[in-house]
file upload-v6.txt (compact mmCIF, C-alpha atoms and all ligand atoms)
# COMPACT_ATOMS: atom_id res chain seq x y z
CA MET A 9 -49.66 7.61 55.21
CA PHE A 10 -50.80 5.09 52.59
CA PHE A 11 -51.99 6.10 49.18
CA LYS A 12 -55.15 4.58 47.85
CA LYS A 13 -55.03 3.24 44.30
CA LYS A 14 -57.67 5.79 43.24
CA GLN A 15 -55.47 8.63 44.38
CA LEU A 16 -52.69 7.21 42.30
CA SER A 17 -54.69 7.02 39.11
CA GLN A 18 -53.03 10.15 37.72
CA ILE A 19 -49.55 8.86 38.29
CA ASP A 20 -47.90 6.78 35.65
CA ASP A 21 -47.15 3.06 36.04
CA GLU A 22 -43.58 3.54 37.04
CA GLN A 23 -44.43 5.93 39.83
CA ILE A 24 -47.22 3.60 41.01
CA ALA A 25 -44.73 0.76 41.19
CA LEU A 26 -42.33 2.92 43.22
CA VAL A 27 -45.04 4.01 45.65
CA GLU A 28 -46.33 0.45 46.03
CA ASN A 29 -42.85 -0.75 46.72
CA ALA A 30 -42.33 1.97 49.35
CA GLN A 31 -45.65 1.02 51.01
CA GLN A 32 -44.60 -2.62 51.07
CA ARG A 33 -41.27 -1.71 52.67
CA ILE A 34 -43.05 0.29 55.36
CA ARG A 35 -45.34 -2.68 56.05
CA GLN A 36 -42.36 -5.04 56.29
CA LYS A 37 -40.57 -2.75 58.75
CA LYS A 38 -43.71 -2.25 60.79
CA ARG A 39 -44.16 -6.02 61.07
CA LEU A 40 -40.54 -6.37 62.17
CA TYR A 41 -41.03 -3.67 64.79
CA ASN A 42 -44.18 -5.41 66.11
CA HIS A 43 -42.27 -8.68 66.16
CA PHE A 44 -39.52 -7.05 68.22
CA VAL A 45 -41.97 -5.48 70.70
CA PHE A 46 -43.79 -8.79 71.05
CA TRP A 47 -40.46 -10.58 71.58
CA VAL A 48 -39.49 -8.10 74.38
CA PHE A 49 -42.83 -8.47 76.17
CA ALA A 50 -42.90 -12.23 75.72
CA SER A 51 -39.35 -12.53 77.08
CA ILE A 52 -40.28 -10.49 80.17
CA ILE A 53 -43.44 -12.55 80.74
CA LEU A 54 -41.60 -15.85 80.30
CA TRP A 55 -38.90 -14.69 82.72
CA PHE A 56 -41.57 -13.58 85.15
CA VAL A 57 -43.51 -16.85 84.91
CA ASN A 58 -40.42 -19.03 85.28
CA VAL A 59 -38.24 -17.05 87.72
CA VAL A 60 -40.65 -14.90 89.73
CA VAL A 61 -43.76 -17.12 89.79
CA GLY A 62 -41.60 -20.27 89.72
CA VAL A 63 -43.54 -22.27 87.13
CA ARG A 64 -41.62 -25.50 86.37
CA GLU A 65 -38.36 -24.28 87.85
CA ASP A 66 -37.21 -27.89 87.76
CA ILE A 67 -37.00 -28.00 83.92
CA LEU A 68 -33.48 -27.13 82.75
CA ILE A 69 -32.29 -27.23 79.13
CA LEU A 70 -28.49 -27.43 78.88
CA ASP A 71 -28.34 -26.27 82.53
CA TYR A 72 -30.42 -23.15 81.82
CA PRO A 73 -34.03 -22.54 82.86
CA TRP A 74 -36.50 -23.48 80.09
CA PHE A 75 -37.51 -19.85 79.32
CA VAL A 76 -33.90 -19.09 78.24
CA SER A 77 -34.08 -21.72 75.46
CA ILE A 78 -37.38 -20.27 74.23
CA ILE A 79 -35.96 -16.76 74.22
CA VAL A 80 -32.76 -17.92 72.41
CA VAL A 81 -34.72 -19.74 69.67
CA TRP A 82 -37.08 -16.77 69.34
CA SER A 83 -34.10 -14.37 69.16
CA LEU A 84 -32.75 -16.39 66.26
CA LEU A 85 -36.11 -16.15 64.51
CA LEU A 86 -36.15 -12.39 65.15
CA LEU A 87 -32.64 -12.15 63.74
CA PHE A 88 -33.73 -14.08 60.65
CA HIS A 89 -36.74 -11.79 60.27
CA THR A 90 -34.48 -8.71 60.56
CA PHE A 91 -32.10 -10.18 57.99
CA GLN A 92 -34.99 -10.76 55.59
CA VAL A 93 -36.32 -7.22 55.91
CA PHE A 94 -33.01 -5.40 55.67
CA ILE A 95 -31.01 -7.68 53.40
CA THR A 96 -33.01 -10.23 51.41
CA LYS A 97 -36.08 -8.13 50.60
CA ARG A 98 -34.12 -4.94 50.23
CA PHE A 99 -31.54 -6.28 47.80
CA MET A 100 -33.52 -8.98 46.09
CA GLY A 101 -36.98 -7.52 46.17
CA LYS A 102 -38.93 -6.48 43.09
CA GLU A 103 -37.53 -2.95 43.16
CA TRP A 104 -33.97 -4.25 43.39
CA GLU A 105 -34.61 -6.60 40.43
CA LYS A 106 -36.12 -3.73 38.50
CA GLU A 107 -33.10 -1.52 39.23
CA GLN A 108 -30.70 -4.28 38.14
CA LEU A 109 -32.71 -4.84 34.98
CA LYS A 110 -32.71 -1.12 34.25
CA ARG A 111 -28.97 -0.88 34.81
CA LEU A 112 -28.23 -3.90 32.60
CA THR A 113 -30.63 -2.70 29.90
CA ALA A 114 -28.96 0.72 29.95
CA LEU A 115 -25.53 -0.92 29.64
CA GLN A 116 -26.73 -3.09 26.75
CA GLN A 117 -28.28 -0.03 25.14
CA VAL A 118 -24.94 1.79 25.30
CA LYS A 119 -23.19 -1.20 23.75
CA ILE A 120 -25.84 -1.51 21.02
CA GLU A 121 -25.48 2.21 20.25
CA LYS A 122 -21.70 1.79 20.02
CA ILE A 123 -22.04 -1.19 17.64
CA LYS A 124 -24.65 0.72 15.61
CA ARG A 125 -22.32 3.70 15.28
CA ALA A 126 -19.42 1.42 14.24
CA LEU A 127 -21.65 -0.31 11.66
CA ASP A 128 -22.90 3.02 10.31
CA LYS A 129 -19.31 4.21 10.01
CA GLU A 130 -18.30 1.02 8.19
CA ALA A 131 -21.32 1.22 5.88
CA GLN A 132 -20.41 4.84 5.12
CA LEU A 133 -16.80 3.85 4.37
CA ILE A 134 -17.97 1.04 2.07
CA ALA A 135 -20.39 3.41 0.32
CA ASP A 136 -17.65 6.04 -0.02
CA SER A 137 -15.14 3.59 -1.43
CA GLN A 138 -17.78 2.19 -3.82
CA PHE A 139 -18.56 5.72 -4.90
CA GLN A 140 -14.85 6.47 -5.37
CA ASN A 141 -14.36 3.21 -7.28
CA GLU A 142 -17.23 4.10 -9.54
CA GLN A 143 -15.70 7.53 -10.05
CA ILE A 144 -12.23 6.13 -10.73
CA GLN A 145 -13.06 2.93 -12.53
CA PRO A 146 -15.80 3.04 -15.10
CA LYS A 147 -18.11 0.03 -15.00
CA GLN A 148 -16.91 -1.00 -18.44
CA CYS A 149 -13.24 -1.45 -19.24
CA ILE A 150 -12.79 -1.03 -22.99
CA THR A 151 -9.50 -2.75 -23.69
CA ILE A 152 -7.24 -2.50 -26.70
CA ILE A 153 -5.26 -5.67 -27.24
CA ALA A 154 -2.39 -5.63 -29.73
CA ALA A 155 1.04 -6.96 -30.51
CA ALA A 156 3.34 -4.28 -31.88
CA ALA A 157 7.01 -4.30 -32.82
CA THR A 158 9.57 -1.83 -31.48
CA ASN A 159 8.80 0.37 -34.51
CA ASN A 160 5.03 -0.12 -33.84
CA ALA A 161 4.64 -2.46 -36.84
CA LEU A 162 1.43 -4.47 -36.68
CA GLY A 163 1.07 -6.25 -39.98
CA LYS A 164 1.91 -6.40 -43.65
CA ASP A 165 -0.23 -7.31 -46.66
CA ASN A 166 -3.15 -7.88 -44.34
CA ASN A 167 -1.28 -10.44 -42.31
CA LEU A 168 0.55 -10.72 -39.01
CA ILE A 169 4.33 -10.57 -39.32
CA TRP A 170 5.36 -12.98 -36.53
CA HIS A 171 4.09 -16.05 -34.77
CA LEU A 172 4.45 -16.05 -31.00
CA SER A 173 2.45 -18.95 -29.56
CA ASN A 174 2.46 -17.67 -25.96
CA ASP A 175 1.11 -14.34 -27.16
CA LEU A 176 -1.71 -16.07 -29.02
CA LYS A 177 -2.53 -18.13 -25.93
CA ARG A 178 -2.68 -14.98 -23.82
CA PHE A 179 -4.89 -13.30 -26.44
CA LYS A 180 -7.24 -16.28 -26.35
CA ARG A 181 -7.32 -16.42 -22.52
CA LEU A 182 -8.04 -12.69 -22.14
CA THR A 183 -10.64 -12.30 -24.85
CA LYS A 184 -12.58 -15.55 -24.40
CA GLY A 185 -16.25 -14.93 -23.60
CA HIS A 186 -16.06 -11.23 -24.53
CA HIS A 187 -16.89 -9.05 -27.53
CA VAL A 188 -13.98 -8.67 -29.95
CA ILE A 189 -14.32 -5.51 -32.04
CA MET A 190 -12.28 -5.27 -35.25
CA GLY A 191 -12.00 -3.57 -38.62
CA ARG A 192 -13.16 -5.34 -41.73
CA LYS A 193 -9.58 -5.92 -42.93
CA THR A 194 -8.51 -7.63 -39.70
CA PHE A 195 -11.58 -9.85 -39.86
CA GLU A 196 -10.65 -10.84 -43.39
CA SER A 197 -7.08 -11.57 -42.35
CA MET A 198 -8.38 -14.43 -40.17
CA PRO A 199 -9.49 -17.81 -41.55
CA LYS A 200 -12.87 -17.51 -39.74
CA ALA A 201 -14.62 -15.74 -36.90
CA LEU A 202 -12.97 -16.24 -33.51
CA PRO A 203 -14.83 -18.94 -31.56
CA SER A 204 -16.32 -18.38 -28.06
CA ARG A 205 -16.39 -14.62 -28.60
CA VAL A 206 -18.86 -12.19 -30.17
CA ASN A 207 -17.10 -10.98 -33.33
CA VAL A 208 -18.12 -7.40 -34.09
CA VAL A 209 -16.82 -6.16 -37.46
CA ILE A 210 -16.75 -2.50 -38.47
CA THR A 211 -17.18 -1.62 -42.14
CA ARG A 212 -18.58 1.19 -44.24
CA GLN A 213 -20.00 -1.35 -46.70
CA LYS A 214 -23.78 -1.58 -46.30
CA ASP A 215 -24.16 -5.04 -47.81
CA TYR A 216 -21.20 -6.69 -46.11
CA GLN A 217 -22.50 -9.88 -44.52
CA PRO A 218 -19.81 -12.47 -43.61
CA GLU A 219 -20.53 -15.56 -41.53
CA GLY A 220 -20.09 -15.56 -37.75
CA ALA A 221 -19.90 -11.79 -37.24
CA VAL A 222 -22.10 -8.92 -36.17
CA ILE A 223 -21.69 -6.11 -38.69
CA VAL A 224 -21.69 -2.47 -37.61
CA HIS A 225 -20.81 0.77 -39.34
CA SER A 226 -18.94 2.68 -36.67
CA LEU A 227 -16.93 2.18 -33.52
CA ASP A 228 -19.77 3.73 -31.48
CA GLU A 229 -22.21 1.21 -32.90
CA ALA A 230 -19.80 -1.60 -32.05
CA LEU A 231 -19.54 -0.37 -28.47
CA GLU A 232 -23.33 -0.11 -28.26
CA ILE A 233 -23.55 -3.81 -29.23
CA ALA A 234 -21.01 -4.61 -26.49
CA LYS A 235 -22.52 -2.34 -23.83
CA ASP A 236 -23.31 -5.20 -21.44
CA ASP A 237 -19.84 -6.67 -21.64
CA GLU A 238 -17.70 -5.36 -18.75
CA GLN A 239 -14.58 -5.78 -20.87
CA PRO A 240 -15.01 -5.58 -24.62
CA PHE A 241 -11.76 -5.90 -26.57
CA ILE A 242 -10.64 -3.83 -29.56
CA ILE A 243 -8.49 -6.27 -31.50
CA GLY A 244 -7.34 -4.17 -34.47
CA GLY A 245 -6.16 -3.39 -36.92
CA GLY A 246 -4.26 -0.14 -37.25
CA GLU A 247 -7.21 2.04 -38.33
CA ILE A 248 -9.45 0.85 -35.53
CA TYR A 249 -6.71 1.08 -32.86
CA THR A 250 -6.13 4.71 -33.82
CA GLN A 251 -9.82 5.54 -33.47
CA ALA A 252 -10.20 3.56 -30.23
CA LEU A 253 -7.25 5.05 -28.36
CA ASN A 254 -9.38 7.98 -27.15
CA ILE A 255 -12.21 5.91 -25.74
CA ALA A 256 -10.25 2.91 -24.39
CA HIS A 257 -9.52 2.47 -20.69
CA ARG A 258 -6.77 -0.12 -20.94
CA ILE A 259 -4.17 -1.40 -23.38
CA GLU A 260 -2.86 -4.96 -23.26
CA LEU A 261 0.21 -4.62 -25.44
CA THR A 262 2.67 -7.28 -26.48
CA ARG A 263 5.83 -5.43 -27.39
CA VAL A 264 7.89 -7.51 -29.80
CA HIS A 265 11.54 -6.52 -29.46
CA ALA A 266 12.50 -6.13 -33.14
CA ASP A 267 11.87 -3.75 -36.03
CA PHE A 268 9.85 -4.94 -39.01
CA GLU A 269 8.91 -3.73 -42.42
CA ALA A 270 5.14 -3.23 -42.32
CA ASP A 271 2.19 -1.40 -43.86
CA THR A 272 0.12 -1.13 -40.71
CA PHE A 273 1.28 0.45 -37.46
CA PHE A 274 0.11 0.84 -33.89
CA PRO A 275 -0.40 4.50 -32.89
CA SER A 276 2.15 5.90 -30.46
CA ILE A 277 1.26 5.66 -26.77
CA ASP A 278 1.26 9.05 -25.05
CA GLU A 279 2.83 8.45 -21.65
CA SER A 280 1.17 11.50 -20.18
CA VAL A 281 -2.15 9.78 -20.88
CA TRP A 282 -1.25 6.14 -20.30
CA LYS A 283 0.38 4.70 -17.19
CA GLU A 284 2.20 1.36 -17.26
CA THR A 285 0.60 -0.92 -14.62
CA PHE A 286 2.08 -4.32 -15.45
CA LYS A 287 5.10 -5.66 -17.29
CA GLU A 288 6.32 -9.23 -17.94
CA ASP A 289 9.35 -10.10 -20.06
CA HIS A 290 9.60 -13.23 -22.22
CA PHE A 291 12.66 -14.37 -24.08
CA LYS A 292 13.39 -15.90 -27.43
CA ASP A 293 13.31 -19.73 -27.34
CA ALA A 294 12.69 -22.74 -29.56
CA SER A 295 9.08 -21.73 -30.22
CA HIS A 296 9.52 -17.92 -30.05
CA ASP A 297 11.75 -16.15 -32.56
CA TYR A 298 11.84 -12.85 -30.66
CA ASP A 299 11.99 -11.45 -27.15
CA PHE A 300 8.70 -9.87 -26.19
CA THR A 301 7.11 -8.15 -23.20
CA PHE A 302 3.52 -8.12 -22.01
CA ILE A 303 2.74 -4.55 -20.91
CA GLN A 304 -0.50 -3.32 -19.44
CA TYR A 305 -1.36 0.38 -19.58
CA GLU A 306 -4.22 2.11 -17.79
CA LYS A 307 -5.48 5.48 -18.83
CA ASN A 308 -4.66 8.22 -16.28
CA ASN A 309 -7.72 9.84 -14.73
N1 LIG B 1 -0.41 -7.07 -34.53
C1 LIG B 1 -1.64 -7.05 -34.14
O1 LIG B 1 -1.91 -7.13 -32.98
C2 LIG B 1 -2.70 -6.92 -35.13
C3 LIG B 1 -4.04 -6.98 -34.76
C4 LIG B 1 -5.02 -6.83 -35.70
C5 LIG B 1 -4.70 -6.64 -37.00
N2 LIG B 1 -3.38 -6.60 -37.33
C6 LIG B 1 -3.00 -6.38 -38.72
O2 LIG B 1 -3.47 -5.11 -39.09
C7 LIG B 1 -3.75 -5.13 -40.46
C8 LIG B 1 -5.18 -4.64 -40.66
O3 LIG B 1 -5.34 -3.35 -40.13
P1 LIG B 1 -5.88 -2.11 -40.99
O4 LIG B 1 -5.59 -0.89 -40.28
O5 LIG B 1 -5.32 -2.24 -42.37
O6 LIG B 1 -7.42 -2.41 -41.12
P2 LIG B 1 -8.53 -2.58 -40.03
O7 LIG B 1 -8.39 -1.53 -39.01
O8 LIG B 1 -8.54 -3.98 -39.56
O9 LIG B 1 -9.82 -2.39 -40.88
C9 LIG B 1 -10.01 -1.21 -41.62
C10 LIG B 1 -11.41 -1.23 -42.18
O10 LIG B 1 -12.34 -1.06 -41.15
C11 LIG B 1 -13.45 -0.29 -41.61
N3 LIG B 1 -13.46 0.96 -40.89
C12 LIG B 1 -12.43 1.59 -40.29
N4 LIG B 1 -12.89 2.70 -39.66
C13 LIG B 1 -14.22 2.75 -39.87
C14 LIG B 1 -15.24 3.64 -39.44
N5 LIG B 1 -14.98 4.69 -38.71
N6 LIG B 1 -16.51 3.40 -39.83
C15 LIG B 1 -16.81 2.30 -40.60
N7 LIG B 1 -15.89 1.43 -41.02
C16 LIG B 1 -14.61 1.65 -40.64
C17 LIG B 1 -13.23 -0.06 -43.08
O11 LIG B 1 -13.84 -1.17 -43.69
P3 LIG B 1 -14.43 -1.08 -45.19
O12 LIG B 1 -13.28 -0.82 -46.06
O13 LIG B 1 -15.08 -2.39 -45.40
O14 LIG B 1 -15.41 0.02 -45.13
C18 LIG B 1 -11.73 -0.11 -43.18
O15 LIG B 1 -11.26 -0.38 -44.45
C19 LIG B 1 -3.52 -6.53 -40.91
O16 LIG B 1 -2.23 -6.64 -41.44
C20 LIG B 1 -3.61 -7.32 -39.70
O17 LIG B 1 -2.89 -8.53 -39.80
C21 LIG B 1 -2.38 -6.73 -36.45
call {"tool": "encode", "arguments": {"input": "upload-v6.txt", "output": "structure tokens"}}
result
Amino acid sequence: MFFKKKQLSQIDDEQIALVENAQQRIRQKKRLYNHFVFWVFASIILWFVNVVVGVREDILILDYPWFVSIIVVWSLLLLFHTFQVFITKRFMGKEWEKEQLKRLTALQQVKIEKIKRALDKEAQLIADSQFQNEQIQPKQCITIIAAAATNNALGKDNNLIWHLSNDLKRFKRLTKGHHVIMGRKTFESMPKALPSRVNVVITRQKDYQPEGAVIVHSLDEALEIAKDDEQPFIIGGGEIYTQALNIAHRIELTRVHADFEADTFFPSIDESVWKETFKEDHFKDASHDYDFTFIQYEKNN
């Protein structure tokens, strides 16, 4: 029984395609069956005409009566027709193509889903680690930078006590391009403002106005000025270091291995609060009068 298109109007496209394909297959098989029946009858008639009636009995093809050749060629055509119906059209017909396409699409879909899941997982991991980093490492790293003797001496009579050229070079390299926050006395101990850095000077004096420096009246105000700097440096002196120890995240300390007489001292470093994360020893030489060590401390969370 064949469906009419009208009867199929309620069925969705996919079902219509399936039904149409089934109808086509039935038609193909019916045609093959008719071909076979025709071939049987034709073969009998040809045999009858040639052998029984004796029409052109004299014609032989490869020593066989002529009707045999016709039947052989026709049989080959019938075989080809059968092959087409059961092999070519079955496996390479529209339905077969559709099935293959469906199967491949489904496989691709599975792969895409897998990749999507892997990407989601990776994105989640990245987000988690970013979140953890933000939790662990604050966006800004307020860094104290100082050179202190074994007895924590920093300076005397508003001056440094030693001259260590490699320490000064390191100071310059680390602080260049950043805010350098200092007490008024430290600022005055220098010949002029430090170049290539924003000099922020803390004082209680309201009318203090030296050249080359931004003047503030508290450490908080200094940090507010430096809020867009990811690593502002607190460069001294003793009073400011003491106040900054609570809010700093890192200390870059040069430990000079000697005791000195001094009037300004670095506050003691509480090892339950500060963890040593880097250490590099340097030894006395022609241009350095003392052994010294670069030590980096990070505040424990
Ligand atoms: N070895 C090193 O690494 C190193 C580094 C830096 C300095 N130093 C040495 O340290 C010595 C200077 O240190 P210091 O402790 O005497 O002085 P300082 O810390 O450099 O400056 C102290 C001044 O800062 C101002 N100040 C401090 N706290 C304040 C606050 N909460 N609010 C407003 N203003 C505030 C005050 O200025 P006003 O009096 O104007 O109000 C105060 O007199 C020098 O000998 C210097 O050479 C050594």
call {"tool": "axis_aligned_box", "arguments": {"input": "upload-v6.txt", "around": "ligand LIG 1 (chain B)", "padding_each_side": "3 Å", "output": "AutoDock Vina command-line options"}}
result
--center_x -8.6 --center_y -1.9 --center_z -39.5 --size_x 22.4 --size_y 19.2 --size_z 19.1
call {"tool": "residues_near_ligand", "arguments": {"input": "upload-v6.txt", "ligand": "ligand LIG 1 (chain B)", "cutoff": "9 Å", "atoms": "all atoms listed in the file", "output": "JSON list (two decimals) with C-alpha atoms, in the coordinates of the input"}}
result
[["chain", "number", "residue", "atom", "x", "y", "z"],
["A", 153, "ILE", "CA", -5.26, -5.67, -27.24],
["A", 154, "ALA", "CA", -2.39, -5.63, -29.73],
["A", 155, "ALA", "CA", 1.04, -6.96, -30.51],
["A", 156, "ALA", "CA", 3.34, -4.28, -31.88],
["A", 157, "ALA", "CA", 7.01, -4.30, -32.82],
["A", 160, "ASN", "CA", 5.03, -0.12, -33.84],
["A", 161, "ALA", "CA", 4.64, -2.46, -36.84],
["A", 162, "LEU", "CA", 1.43, -4.47, -36.68],
["A", 163, "GLY", "CA", 1.07, -6.25, -39.98],
["A", 164, "LYS", "CA", 1.91, -6.40, -43.65],
["A", 165, "ASP", "CA", -0.23, -7.31, -46.66],
["A", 166, "ASN", "CA", -3.15, -7.88, -44.34],
["A", 167, "ASN", "CA", -1.28, -10.44, -42.31],
["A", 168, "LEU", "CA", 0.55, -10.72, -39.01],
["A", 169, "ILE", "CA", 4.33, -10.57, -39.32],
["A", 170, "TRP", "CA", 5.36, -12.98, -36.53],
["A", 190, "MET", "CA", -12.28, -5.27, -35.25],
["A", 191, "GLY", "CA", -12.00, -3.57, -38.62],
["A", 192, "ARG", "CA", -13.16, -5.34, -41.73],
["A", 193, "LYS", "CA", -9.58, -5.92, -42.93],
["A", 194, "THR", "CA", -8.51, -7.63, -39.70],
["A", 195, "PHE", "CA", -11.58, -9.85, -39.86],
["A", 196, "GLU", "CA", -10.65, -10.84, -43.39],
["A", 197, "SER", "CA", -7.08, -11.57, -42.35],
["A", 198, "MET", "CA", -8.38, -14.43, -40.17],
["A", 209, "VAL", "CA", -16.82, -6.16, -37.46],
["A", 210, "ILE", "CA", -16.75, -2.50, -38.47],
["A", 211, "THR", "CA", -17.18, -1.62, -42.14],
["A", 212, "ARG", "CA", -18.58, 1.19, -44.24],
["A", 213, "GLN", "CA", -20.00, -1.35, -46.70],
["A", 214, "LYS", "CA", -23.78, -1.58, -46.30],
["A", 216, "TYR", "CA", -21.20, -6.69, -46.11],
["A", 224, "VAL", "CA", -21.69, -2.47, -37.61],
["A", 225, "HIS", "CA", -20.81, 0.77, -39.34],
["A", 226, "SER", "CA", -18.94, 2.68, -36.67],
["A", 227, "LEU", "CA", -16.93, 2.18, -33.52],
["A", 228, "ASP", "CA", -19.77, 3.73, -31.48],
["A", 242, "ILE", "CA", -10.64, -3.83, -29.56],
["A", 243, "ILE", "CA", -8.49, -6.27, -31.50],
["A", 244, "GLY", "CA", -7.34, -4.17, -34.47],
["A", 245, "GLY", "CA", -6.16, -3.39, -36.92],
["A", 246, "GLY", "CA", -4.26, -0.14, -37.25],
["A", 247, "GLU", "CA", -7.21, 2.04, -38.33],
["A", 248, "ILE", "CA", -9.45, 0.85, -35.53],
["A", 249, "TYR", "CA", -6.71, 1.08, -32.86],
["A", 250, "THR", "CA", -6.13, 4.71, -33.82],
["A", 251, "GLN", "CA", -9.82, 5.54, -33.47],
["A", 261, "LEU", "CA", 0.21, -4.62, -25.44],
["A", 262, "THR", "CA", 2.67, -7.28, -26.48],
["A", 270, "ALA", "CA", 5.14, -3.23, -42.32],
["A", 271, "ASP", "CA", 2.19, -1.40, -43.86],
["A", 272, "THR", "CA", 0.12, -1.13, -40.71],
["A", 273, "PHE", "CA", 1.28, 0.45, -37.46],
["A", 274, "PHE", "CA", 0.11, 0.84, -33.89]]
call {"tool": "residues_around", "arguments": {"input": "upload-v6.txt", "residues": "A:Trp282", "least_positions_apart": "4", "cutoff": "10 Å", "atoms": "all atoms listed in the file", "output": "mmCIF file with C-alpha atoms, in the frame of the given file"}}
result
data_model
loop_
_atom_site.group_PDB
_atom_site.id
_atom_site.type_symbol
_atom_site.label_atom_id
_atom_site.label_comp_id
_atom_site.auth_asym_id
_atom_site.auth_seq_id
_atom_site.Cartn_x
_atom_site.Cartn_y
_atom_site.Cartn_z
ATOM 1 C CA HIS A 257 -9.520 2.470 -20.690
ATOM 2 C CA ARG A 258 -6.770 -0.120 -20.940
ATOM 3 C CA ILE A 259 -4.170 -1.400 -23.380
ATOM 4 C CA ILE A 277 1.260 5.660 -26.770
ATOM 5 C CA ASP A 278 1.260 9.050 -25.050
ATOM 6 C CA GLN A 304 -0.500 -3.320 -19.440
ATOM 7 C CA TYR A 305 -1.360 0.380 -19.580
ATOM 8 C CA GLU A 306 -4.220 2.110 -17.790
ATOM 9 C CA LYS A 307 -5.480 5.480 -18.830
ATOM 10 C CA ASN A 308 -4.660 8.220 -16.280
ATOM 11 C CA ASN A 309 -7.720 9.840 -14.730
#
call {"tool": "closest_residue", "arguments": {"input": "upload-v6.txt", "among": "A:Val59, A:Ile79, A:Ile24, A:Val118", "to": "A:Phe46", "atoms": "all atoms listed in the file"}}
result
A:Ile79
call {"tool": "residues_around", "arguments": {"input": "upload-v6.txt", "residues": "A:Thr158", "least_positions_apart": "3", "cutoff": "8 Å", "atoms": "only C-alpha atoms", "output": "ChimeraX atom specification"}}
result
/A:161,263-267
call {"tool": "closest_residue", "arguments": {"input": "upload-v6.txt", "among": "A:Ile120, A:Val188, A:Ala234, A:Trp104", "to": "A:Leu26", "atoms": "only C-alpha atoms"}}
result
A:Trp104
call {"tool": "atom_distance", "arguments": {"input": "upload-v6.txt", "atom1": "atom CA of A:Ala256", "atom2": "atom CA of A:Val281"}}
result
11.2 Å
call {"tool": "closest_residue", "arguments": {"input": "upload-v6.txt", "among": "A:Ile34, A:Ile53, A:Glu269, A:Ser280", "to": "A:Phe94", "atoms": "all atoms listed in the file"}}
result
A:Ile34
